[in-house]
Every structure is written in structure tokens, then in C-alpha cells.
>>> print(open('protein.tsv').read())   # TSV, C-alpha atoms
chain	number	residue	atom	x	y	z
D	233	MET	CA	-18.61	0.29	3.08
D	234	GLU	CA	-17.60	-3.20	2.04
D	235	LEU	CA	-18.65	-5.81	4.56
D	236	THR	CA	-17.40	-8.87	2.74
D	237	GLY	CA	-13.91	-10.28	3.01
D	238	TYR	CA	-13.65	-10.27	6.78
D	239	GLY	CA	-13.10	-14.01	6.81
D	240	ARG	CA	-10.36	-16.09	5.23
D	241	ALA	CA	-8.70	-14.89	2.06
D	242	THR	CA	-8.91	-17.10	-1.05
D	243	PRO	CA	-5.66	-18.86	-2.06
D	244	ALA	CA	-5.39	-16.62	-5.15
D	245	ARG	CA	-5.71	-13.53	-2.92
D	246	LEU	CA	-2.94	-14.75	-0.64
D	247	ASP	CA	-0.77	-15.55	-3.69
D	248	ALA	CA	-1.18	-11.98	-4.93
D	249	THR	CA	-0.53	-10.47	-1.50
D	250	PHE	CA	2.64	-12.44	-0.81
D	251	ALA	CA	3.94	-11.89	-4.38
D	252	ALA	CA	3.36	-8.14	-4.03
D	253	LEU	CA	5.24	-8.12	-0.71
D	254	ALA	CA	8.25	-9.96	-2.20
D	255	ASP	CA	9.91	-6.73	-3.31
D	256	PRO	CA	11.76	-4.15	-1.17
D	257	THR	CA	10.49	-1.13	-3.16
D	258	ARG	CA	6.89	-2.26	-2.85
D	259	ARG	CA	7.32	-2.83	0.89
D	260	ALA	CA	8.89	0.64	1.19
D	261	ILE	CA	5.96	2.17	-0.72
D	262	LEU	CA	3.53	0.55	1.75
D	263	ALA	CA	5.63	1.83	4.66
D	264	ARG	CA	5.49	5.35	3.19
D	265	LEU	CA	1.71	5.12	2.70
D	266	ALA	CA	1.31	4.01	6.31
D	267	SER	CA	2.00	7.64	7.24
D	268	GLY	CA	-0.62	8.97	4.80
D	269	GLU	CA	-1.76	9.20	1.17
D	270	ALA	CA	0.77	10.17	-1.49
D	271	SER	CA	0.78	10.88	-5.22
D	272	VAL	CA	3.01	8.96	-7.64
D	273	SER	CA	5.50	11.84	-7.83
D	274	GLU	CA	5.63	12.08	-4.03
D	275	LEU	CA	6.29	8.35	-3.90
D	276	ALA	CA	8.92	8.43	-6.66
D	277	GLU	CA	11.00	11.14	-4.90
D	278	PRO	CA	12.64	9.24	-2.01
D	279	PHE	CA	13.29	6.15	-4.14
D	280	ALA	CA	15.43	7.80	-6.85
D	281	MET	CA	13.26	5.91	-9.32
D	282	SER	CA	11.46	7.08	-12.43
D	283	GLN	CA	7.71	7.64	-12.19
D	284	PRO	CA	7.04	4.83	-14.73
D	285	ALA	CA	9.09	2.41	-12.59
D	286	ILE	CA	7.11	3.42	-9.50
D	287	SER	CA	3.84	3.19	-11.47
D	288	LYS	CA	4.65	-0.41	-12.35
D	289	HIS	CA	5.07	-1.27	-8.67
D	290	LEU	CA	1.86	0.59	-7.84
D	291	LYS	CA	-0.04	-1.51	-10.39
D	292	VAL	CA	1.16	-4.70	-8.67
D	293	LEU	CA	0.10	-3.32	-5.29
D	294	GLU	CA	-3.26	-2.18	-6.65
D	295	ARG	CA	-4.00	-5.55	-8.28
D	296	ALA	CA	-3.22	-7.21	-4.94
D	297	GLY	CA	-5.68	-4.83	-3.25
D	298	LEU	CA	-2.92	-3.40	-1.06
D	299	ILE	CA	-3.47	0.15	-2.25
D	300	SER	CA	-6.33	2.11	-3.77
D	301	ARG	CA	-6.09	5.22	-5.94
D	302	GLY	CA	-8.03	8.42	-5.35
D	303	ARG	CA	-10.45	9.83	-7.95
D	304	ASP	CA	-8.71	13.22	-8.28
D	305	ALA	CA	-7.70	12.95	-11.98
D	306	GLN	CA	-4.49	14.98	-11.66
D	307	ARG	CA	-3.08	13.51	-8.48
D	308	ARG	CA	-4.73	10.10	-8.08
D	309	PRO	CA	-3.32	9.78	-4.55
D	310	CYS	CA	-2.40	6.29	-3.35
D	311	ARG	CA	-3.78	4.96	-0.12
D	312	LEU	CA	-2.84	1.92	1.95
D	313	GLU	CA	-5.48	-0.83	2.15
D	314	ALA	CA	-4.68	-3.06	5.10
D	315	ARG	CA	-7.23	-5.85	4.58
D	316	PRO	CA	-4.92	-8.15	2.53
D	317	LEU	CA	-2.15	-7.59	5.09
D	318	GLN	CA	-4.54	-8.78	7.77
D	319	ALA	CA	-5.33	-11.94	5.78
D	320	ALA	CA	-1.60	-12.62	5.32
D	321	THR	CA	-1.01	-12.12	9.05
D	322	GLU	CA	-3.85	-14.53	9.87
D	323	TRP	CA	-2.22	-17.16	7.68
D	324	LEU	CA	1.16	-16.62	9.38
D	325	ASP	CA	-0.39	-16.63	12.87
D	326	GLU	CA	-1.06	-20.36	12.49
D	327	TYR	CA	2.71	-20.85	12.68
D	328	ARG	CA	3.34	-18.58	15.65
D	329	ARG	CA	3.56	-21.50	18.08
D	330	PHE	CA	6.56	-22.86	16.16
D	331	TRP	CA	8.86	-19.95	16.78
D	332	GLU	CA	7.44	-19.40	20.25
D	333	GLU	CA	8.34	-23.03	21.07
D	334	SER	CA	11.87	-22.54	19.78
D	335	PHE	CA	12.25	-19.39	21.91
D	336	GLN	CA	11.04	-21.43	24.87
D	337	ARG	CA	13.68	-24.08	24.19
D	338	LEU	CA	16.34	-21.38	23.94
D	339	ASP	CA	15.23	-19.78	27.23
D	340	THR	CA	15.40	-23.16	28.96
D	341	LEU	CA	18.88	-23.75	27.60
D	342	LEU	CA	20.09	-20.31	28.72
D	343	ASP	CA	18.64	-20.88	32.21
D	344	GLU	CA	20.46	-24.20	32.42
D	345	LEU	CA	23.73	-22.59	31.33
D	346	LYS	CA	23.32	-19.81	33.92
D	347	ALA	CA	22.56	-22.35	36.68
D	348	GLU	CA	25.66	-24.33	35.65
D	349	GLU	CA	27.76	-21.15	35.74
D	350	LYS	CA	26.64	-20.35	39.30
D	351	LYS	CA	27.45	-23.78	40.72
D	352	PRO	CA	30.02	-23.61	43.55
D	353	GLY	CA	33.49	-24.76	42.57
D	354	ARG	CA	33.05	-23.65	38.97
D	355	LYS	CA	34.62	-20.20	39.29
D	356	LYS	CA	36.17	-18.58	36.26
D	357	ARG	CA	39.86	-19.21	35.97
L	635	MET	CA	22.16	-24.07	17.90
L	636	GLU	CA	22.10	-20.93	15.82
L	637	LEU	CA	21.83	-17.79	17.91
L	638	THR	CA	22.00	-15.23	15.12
L	639	GLY	CA	19.05	-13.98	13.16
L	640	TYR	CA	16.77	-13.19	16.11
L	641	GLY	CA	16.56	-9.54	15.04
L	642	ARG	CA	15.20	-8.03	11.84
L	643	ALA	CA	15.42	-9.97	8.62
L	644	THR	CA	17.40	-8.46	5.74
L	645	PRO	CA	15.32	-7.17	2.78
L	646	ALA	CA	16.62	-10.04	0.61
L	647	ARG	CA	15.49	-12.56	3.25
L	648	LEU	CA	12.00	-11.04	3.36
L	649	ASP	CA	11.87	-11.06	-0.48
L	650	ALA	CA	12.67	-14.78	-0.50
L	651	THR	CA	10.18	-15.56	2.28
L	652	PHE	CA	7.26	-13.69	0.71
L	653	ALA	CA	8.07	-15.07	-2.78
L	654	ALA	CA	8.12	-18.61	-1.39
L	655	LEU	CA	4.75	-18.05	0.31
L	656	ALA	CA	3.14	-16.76	-2.91
L	657	ASP	CA	2.13	-20.25	-4.03
L	658	PRO	CA	-0.73	-22.42	-2.73
L	659	THR	CA	1.21	-25.71	-3.01
L	660	ARG	CA	4.14	-24.32	-1.06
L	661	ARG	CA	1.81	-22.99	1.64
L	662	ALA	CA	0.10	-26.40	1.77
L	663	ILE	CA	3.49	-28.12	2.13
L	664	LEU	CA	4.30	-25.86	5.09
L	665	ALA	CA	0.89	-26.61	6.61
L	666	ARG	CA	1.59	-30.35	6.26
L	667	LEU	CA	5.04	-29.99	7.82
L	668	ALA	CA	3.50	-28.11	10.74
L	669	SER	CA	2.19	-31.48	11.92
L	670	GLY	CA	5.60	-33.17	11.62
L	671	GLU	CA	8.51	-34.09	9.33
L	672	ALA	CA	7.75	-35.76	6.00
L	673	SER	CA	9.70	-37.27	3.10
L	674	VAL	CA	9.26	-36.04	-0.48
L	675	SER	CA	7.08	-39.04	-1.36
L	676	GLU	CA	4.91	-38.48	1.72
L	677	LEU	CA	4.53	-34.84	0.69
L	678	ALA	CA	3.78	-35.67	-2.96
L	679	GLU	CA	0.93	-38.05	-2.09
L	680	PRO	CA	-1.89	-35.70	-1.02
L	681	PHE	CA	-1.08	-33.18	-3.76
L	682	ALA	CA	-1.54	-35.50	-6.76
L	683	MET	CA	1.73	-34.07	-8.02
L	684	SER	CA	4.84	-35.78	-9.32
L	685	GLN	CA	7.83	-36.02	-6.99
L	686	PRO	CA	9.94	-33.80	-9.31
L	687	ALA	CA	7.24	-31.11	-9.19
L	688	ILE	CA	7.16	-31.29	-5.38
L	689	SER	CA	10.99	-31.30	-5.28
L	690	LYS	CA	11.02	-28.01	-7.20
L	691	HIS	CA	8.74	-26.42	-4.61
L	692	LEU	CA	10.87	-27.85	-1.81
L	693	LYS	CA	13.97	-26.24	-3.32
L	694	VAL	CA	12.25	-22.83	-3.25
L	695	LEU	CA	11.22	-23.38	0.38
L	696	GLU	CA	14.70	-24.59	1.31
L	697	ARG	CA	16.43	-21.60	-0.33
L	698	ALA	CA	14.07	-19.31	1.61
L	699	GLY	CA	15.08	-21.10	4.81
L	700	LEU	CA	11.49	-22.21	5.42
L	701	ILE	CA	12.37	-25.90	5.52
L	702	SER	CA	15.46	-27.95	6.24
L	703	ARG	CA	16.24	-31.47	5.01
L	704	GLY	CA	17.36	-34.32	7.23
L	705	ARG	CA	20.68	-36.12	6.72
L	706	ASP	CA	19.17	-39.59	6.23
L	707	ALA	CA	20.34	-40.19	2.62
L	708	GLN	CA	17.34	-42.30	1.59
L	709	ARG	CA	14.53	-40.27	3.11
L	710	ARG	CA	15.93	-36.78	3.58
L	711	PRO	CA	12.86	-35.78	5.63
L	712	CYS	CA	11.67	-32.18	5.36
L	713	ARG	CA	11.16	-30.11	8.46
L	714	LEU	CA	9.46	-26.75	8.98
L	715	GLU	CA	11.75	-23.87	9.97
L	716	ALA	CA	9.64	-21.11	11.46
L	717	ARG	CA	12.25	-18.35	11.80
L	718	PRO	CA	11.55	-16.68	8.41
L	719	LEU	CA	7.80	-16.84	9.13
L	720	GLN	CA	8.46	-14.97	12.35
L	721	ALA	CA	10.39	-12.25	10.48
L	722	ALA	CA	7.55	-11.93	7.94
L	723	THR	CA	5.01	-11.65	10.77
L	724	GLU	CA	7.11	-8.96	12.44
L	725	TRP	CA	7.08	-6.96	9.23
L	726	LEU	CA	3.29	-7.34	8.92
L	727	ASP	CA	2.72	-6.47	12.59
L	728	GLU	CA	3.72	-2.88	11.84
L	729	TYR	CA	0.48	-2.59	9.87
L	730	ARG	CA	-1.77	-4.23	12.43
L	731	ARG	CA	-3.09	-0.87	13.68
L	732	PHE	CA	-4.50	-0.14	10.21
L	733	TRP	CA	-6.94	-3.01	10.12
L	734	GLU	CA	-7.64	-2.69	13.83
L	735	GLU	CA	-8.62	0.94	13.24
L	736	SER	CA	-10.93	-0.05	10.42
L	737	PHE	CA	-12.58	-2.71	12.63
L	738	GLN	CA	-13.02	-0.02	15.27
L	739	ARG	CA	-14.75	2.22	12.74
L	740	LEU	CA	-17.00	-0.66	11.69
L	741	ASP	CA	-17.91	-1.45	15.32
L	742	THR	CA	-18.79	2.19	15.94
L	743	LEU	CA	-20.97	2.22	12.84
L	744	LEU	CA	-22.77	-0.99	13.86
L	745	ASP	CA	-23.37	0.38	17.37
L	746	GLU	CA	-24.85	3.53	15.86
L	747	LEU	CA	-27.11	1.50	13.58
L	748	LYS	CA	-28.29	-0.66	16.52
L	749	ALA	CA	-29.00	2.43	18.64
L	750	GLU	CA	-30.95	3.93	15.76
L	751	GLU	CA	-32.95	0.68	15.41
L	752	LYS	CA	-33.92	0.72	19.11
L	753	LYS	CA	-35.18	4.32	19.14
L	754	PRO	CA	-38.84	4.53	20.22
L	755	GLY	CA	-41.26	5.11	17.36
L	756	ARG	CA	-39.05	3.21	14.91
L	757	LYS	CA	-40.67	-0.21	15.28
L	758	LYS	CA	-40.49	-2.65	12.41
L	759	ARG	CA	-43.50	-2.50	10.18
>>> encode(input="protein.tsv", output="C-alpha cells")
Amino acid sequence: MELTGYGRATPARLDATFAALADPTRRAILARLASGEASVSELAEPFAMSQPAISKHLKVLERAGLISRGRDAQRRPCRLEARPLQAATEWLDEYRRFWEESFQRLDTLLDELKAEEKKPGRKKR
Amino acid sequence: MELTGYGRATPARLDATFAALADPTRRAILARLASGEASVSELAEPFAMSQPAISKHLKVLERAGLISRGRDAQRRPCRLEARPLQAATEWLDEYRRFWEESFQRLDTLLDELKAEEKKPGRKKR
């Protein structure tokens, strides 16, 4: 078991993670692997893509540490590795307060509009 | 105020967000803007980068909707826009259980090791 890497990711690691996630097929592959291991041919099926095309995407994901490949020589099943996703989420979490604040402002505005609407003498015409 | 876009991001939006985040300078620019608006020259300063180089990064961030530029013609201050970061976090949140499960497994293992350590007759030599 690997005990390192529980802290912050290096900038190069984050670069590789975000670059790997910047593609809809690669995100779909990760979503598929979230429900269990799959071989390249199993992954290629739903995407109507050739196995070489899928293999290219898998290499990007593997280099980013987002998947690992099994040792079974024939099948080499792919497996999701969530650690880099965690590091990416930790980076993004620093910004959470920004959208939470904008939701708060929106809620306040909506409350004000509702209060205005309910004022006597302002019935709908 | 823009009320659309509170739901899921389109795949193309997520592509642009993750691609924009796959660069350490662009992430550092966002981190700087998290503490307030800044002009291009203010942003260029700490990075020891030319203004044209910073401007290129700002264009990528702006196209991804991660920053907006003010209307002041001279300064055109840059401002953080957190909405795309929220969408990216929502995508990543789907995978949260994976790393939480692996932490859980690690905790269990550590507890077992500690229990083993405390067993009578297994004192440190």
C-alpha cells in the first residue's frame, strides 16, 4: 500500500490531471470505470470508437495516474484510481466560498423580490 | 444577473474549464484573483512574465468563463468567475466516495496495526 501522496499534489500532477479531464471521452471512461474494472474492448464498445483510439485515451489517463492496468496479460483490465481526482477537488475546494457567496446573494435578492410581491396594494393586474 | 447555468455544465464547457486549469500560471492567476480584482500589469508583476504572455493566459481563462474583464478601457481589471469551478467540482464530487472508501480502508488497516502492537507479549525489544 502506498502511503505517500496524501497531501497536496505537485503542480505538474495537477496539470496532468486537469489536462486528462479536459476530454469528454476520457471523462466517460472514468465514469464507466466507477462502476467497476473493464478491459479495453469492453470500454471501446459503448463509445463506437476503435480500440486504438480508446487505447490512446487510456494512455493519457494512465500517465495522469487516473487509471491503473491489471497484470492479466490478455485482458489488462483498467481500474479507476481516485487519488488525483481528490487532489483536483482539494484545489477546487479553495474556491467554493466564491460560488456559495454568489448563491447567497441570489437568495437574498429572491427573498427581497418575494417580499416586494407580497406588499399590500401591489396585487397583480 | 444571469440566472441560467445553475444546472449541469455542457461537456464542451467542462472541457474548456479543465483545459484552462491544466496550467500552473493560470491556476496562480485564479488564486491571485481570489483575493480581488487585478489589472494585467498587476497580474504580470509577481509572475516575472511579460504582459503579452499573461494576456495569452487571460484569454484562455476568459474563453473558459473563469474570469471576466471590467469595462474601464485603461485598466480592464480581471475578476474571478467561480461558476465554471463549481461545475467542475460537481463533476468531481461524483467520485468522492472512491477516495473516501480508500481512506476508510487505510484507517481500518492502521487500527488493526495499532491493536496488534498493543497485544500483551508483543513489547518492543
>>> closest_residue(input="protein.tsv", among="D:Arg337, D:Arg303, D:Arg315, D:His289", to="Leu253 in chain D", atoms="all atoms listed in the file")
D:His289
>>> residues_around(input="protein.tsv", residues="Arg259 in chain D", least_positions_apart="5", cutoff="12 Å", atoms="only C-alpha atoms", output="PyMOL selection string")
(chain D and resi 249-254+264-266+279+289-290+292-293+298-299+312+317) or (chain L and resi 645-646+648-649+652+722+725-726+728-729)
>>> closest_residue(input="protein.tsv", among="D:Pro352, D:Gly302, D:Pro316, D:Pro284", to="chain L", atoms="all atoms listed in the file")
D:Pro316
>>> atom_distance(input="protein.tsv", atom1="CA of Leu747 in chain L", atom2="CA of Phe732 in chain L")
22.9 Å
>>> axis_aligned_box(input="protein.tsv", around="range 712-724 of chain L", padding_each_side="4 Å", output="lines of an AutoDock Vina configuration file")
center_x = 8.6
center_y = -20.6
center_z = 8.9
size_x = 15.2
size_y = 31.2
size_z = 15.1
>>> atom_distance(input="protein.tsv", atom1="CA of Ala280 in chain D", atom2="CA of Arg731 in chain L")
29.0 Å
>>> atom_distance(input="protein.tsv", atom1="CA of Ala721 in chain L", atom2="CA of Glu676 in chain L")
28.2 Å
>>> closest_residue(input="protein.tsv", among="L:Arg730, L:Arg713, L:Lys690, L:Arg703", to="chain D", atoms="only C-alpha atoms")
L:Arg730
>>> residues_around(input="protein.tsv", residues="Ser287 in chain D", least_positions_apart="2", cutoff="12 Å", atoms="all atoms listed in the file", output="JSON, numbers by chain")
{"D": [257, 258, 261, 271, 272, 273, 274, 275, 276, 281, 282, 283, 284, 285, 289, 290, 291, 292, 293, 294, 301, 308, 309, 310]}
>>> closest_residue(input="protein.tsv", among="D:Glu269, D:Ala241, D:Ala248, D:Arg307", to="chain L", atoms="all atoms listed in the file")
D:Ala248
>>> closest_residue(input="protein.tsv", among="D:Ala305, D:Leu341, D:Ala314, D:Ala347", to="chain L", atoms="all atoms listed in the file")
D:Ala314
>>> closest_residue(input="protein.tsv", among="L:Lys752, L:Thr644, L:Ala672, L:Glu715", to="Ser334 in chain D", atoms="all atoms listed in the file")
L:Glu715
>>> decode(input="protein.tsv", residues="range 688-759 of chain L", atoms="C-alpha atoms", output="mmCIF file, in the first residue's frame")
data_model
loop_
_atom_site.group_PDB
_atom_site.id
_atom_site.type_symbol
_atom_site.label_atom_id
_atom_site.label_comp_id
_atom_site.auth_asym_id
_atom_site.auth_seq_id
_atom_site.Cartn_x
_atom_site.Cartn_y
_atom_site.Cartn_z
ATOM 1 C CA ILE L 688 -0.019 36.930 -19.215
ATOM 2 C CA SER L 689 -2.583 38.286 -21.708
ATOM 3 C CA LYS L 690 -2.495 34.970 -23.567
ATOM 4 C CA HIS L 691 -3.298 33.093 -20.360
ATOM 5 C CA LEU L 692 -6.047 35.587 -19.552
ATOM 6 C CA LYS L 693 -7.647 34.950 -22.951
ATOM 7 C CA VAL L 694 -7.778 31.207 -22.206
ATOM 8 C CA LEU L 695 -9.324 31.904 -18.791
ATOM 9 C CA GLU L 696 -11.797 34.370 -20.280
ATOM 10 C CA ARG L 697 -12.896 31.962 -23.036
ATOM 11 C CA ALA L 698 -13.463 29.315 -20.344
ATOM 12 C CA GLY L 699 -15.621 31.803 -18.446
ATOM 13 C CA LEU L 700 -13.282 31.673 -15.443
ATOM 14 C CA ILE L 701 -12.611 35.405 -15.470
ATOM 15 C CA SER L 702 -14.382 38.489 -16.741
ATOM 16 C CA ARG L 703 -12.820 41.835 -17.692
ATOM 17 C CA GLY L 704 -14.019 45.196 -16.435
ATOM 18 C CA ARG L 705 -15.220 47.937 -18.793
ATOM 19 C CA ASP L 706 -12.667 50.550 -17.669
ATOM 20 C CA ALA L 707 -10.817 50.964 -21.011
ATOM 21 C CA GLN L 708 -7.409 51.716 -19.476
ATOM 22 C CA ARG L 709 -7.300 49.092 -16.754
ATOM 23 C CA ARG L 710 -9.783 46.420 -17.813
ATOM 24 C CA PRO L 711 -9.487 44.731 -14.387
ATOM 25 C CA CYS L 712 -9.809 40.942 -14.274
ATOM 26 C CA ARG L 713 -12.276 39.318 -11.948
ATOM 27 C CA LEU L 714 -12.700 35.702 -10.877
ATOM 28 C CA GLU L 715 -15.889 33.987 -12.077
ATOM 29 C CA ALA L 716 -16.481 30.914 -9.945
ATOM 30 C CA ARG L 717 -19.402 29.323 -11.805
ATOM 31 C CA PRO L 718 -17.277 27.031 -14.041
ATOM 32 C CA LEU L 719 -15.239 25.977 -10.977
ATOM 33 C CA GLN L 720 -18.483 24.957 -9.322
ATOM 34 C CA ALA L 721 -19.471 22.840 -12.344
ATOM 35 C CA ALA L 722 -16.034 21.163 -12.335
ATOM 36 C CA THR L 723 -16.354 20.449 -8.603
ATOM 37 C CA GLU L 724 -19.803 18.949 -9.158
ATOM 38 C CA TRP L 725 -18.352 16.601 -11.753
ATOM 39 C CA LEU L 726 -15.532 15.582 -9.387
ATOM 40 C CA ASP L 727 -17.909 15.137 -6.439
ATOM 41 C CA GLU L 728 -19.340 12.049 -8.138
ATOM 42 C CA TYR L 729 -16.007 10.349 -7.442
ATOM 43 C CA ARG L 730 -15.654 11.469 -3.849
ATOM 44 C CA ARG L 731 -16.819 8.088 -2.499
ATOM 45 C CA PHE L 732 -13.846 6.401 -4.187
ATOM 46 C CA TRP L 733 -11.164 8.186 -2.237
ATOM 47 C CA GLU L 734 -13.290 8.208 0.903
ATOM 48 C CA GLU L 735 -13.547 4.423 0.646
ATOM 49 C CA SER L 736 -9.801 4.107 0.257
ATOM 50 C CA PHE L 737 -9.251 6.318 3.333
ATOM 51 C CA GLN L 738 -11.673 4.079 5.198
ATOM 52 C CA ARG L 739 -9.654 1.016 4.213
ATOM 53 C CA LEU L 740 -6.455 2.740 5.335
ATOM 54 C CA ASP L 741 -7.997 3.705 8.701
ATOM 55 C CA THR L 742 -9.120 0.122 9.260
ATOM 56 C CA LEU L 743 -5.646 -1.137 8.452
ATOM 57 C CA LEU L 744 -3.999 1.361 10.828
ATOM 58 C CA ASP L 745 -6.432 0.411 13.617
ATOM 59 C CA GLU L 746 -5.580 -3.243 13.082
ATOM 60 C CA LEU L 747 -1.852 -2.499 13.204
ATOM 61 C CA LYS L 748 -2.274 -0.475 16.432
ATOM 62 C CA ALA L 749 -4.324 -3.261 18.039
ATOM 63 C CA GLU L 750 -1.651 -5.759 17.039
ATOM 64 C CA GLU L 751 1.045 -3.510 18.557
ATOM 65 C CA LYS L 752 -0.800 -3.317 21.902
ATOM 66 C CA LYS L 753 -1.272 -7.085 22.291
ATOM 67 C CA PRO L 754 0.327 -8.399 25.504
ATOM 68 C CA GLY L 755 3.612 -10.206 24.961
ATOM 69 C CA ARG L 756 4.472 -8.054 21.945
ATOM 70 C CA LYS L 757 6.502 -5.394 23.752
ATOM 71 C CA LYS L 758 9.168 -3.510 21.867
ATOM 72 C CA ARG L 759 12.569 -5.037 22.230
#
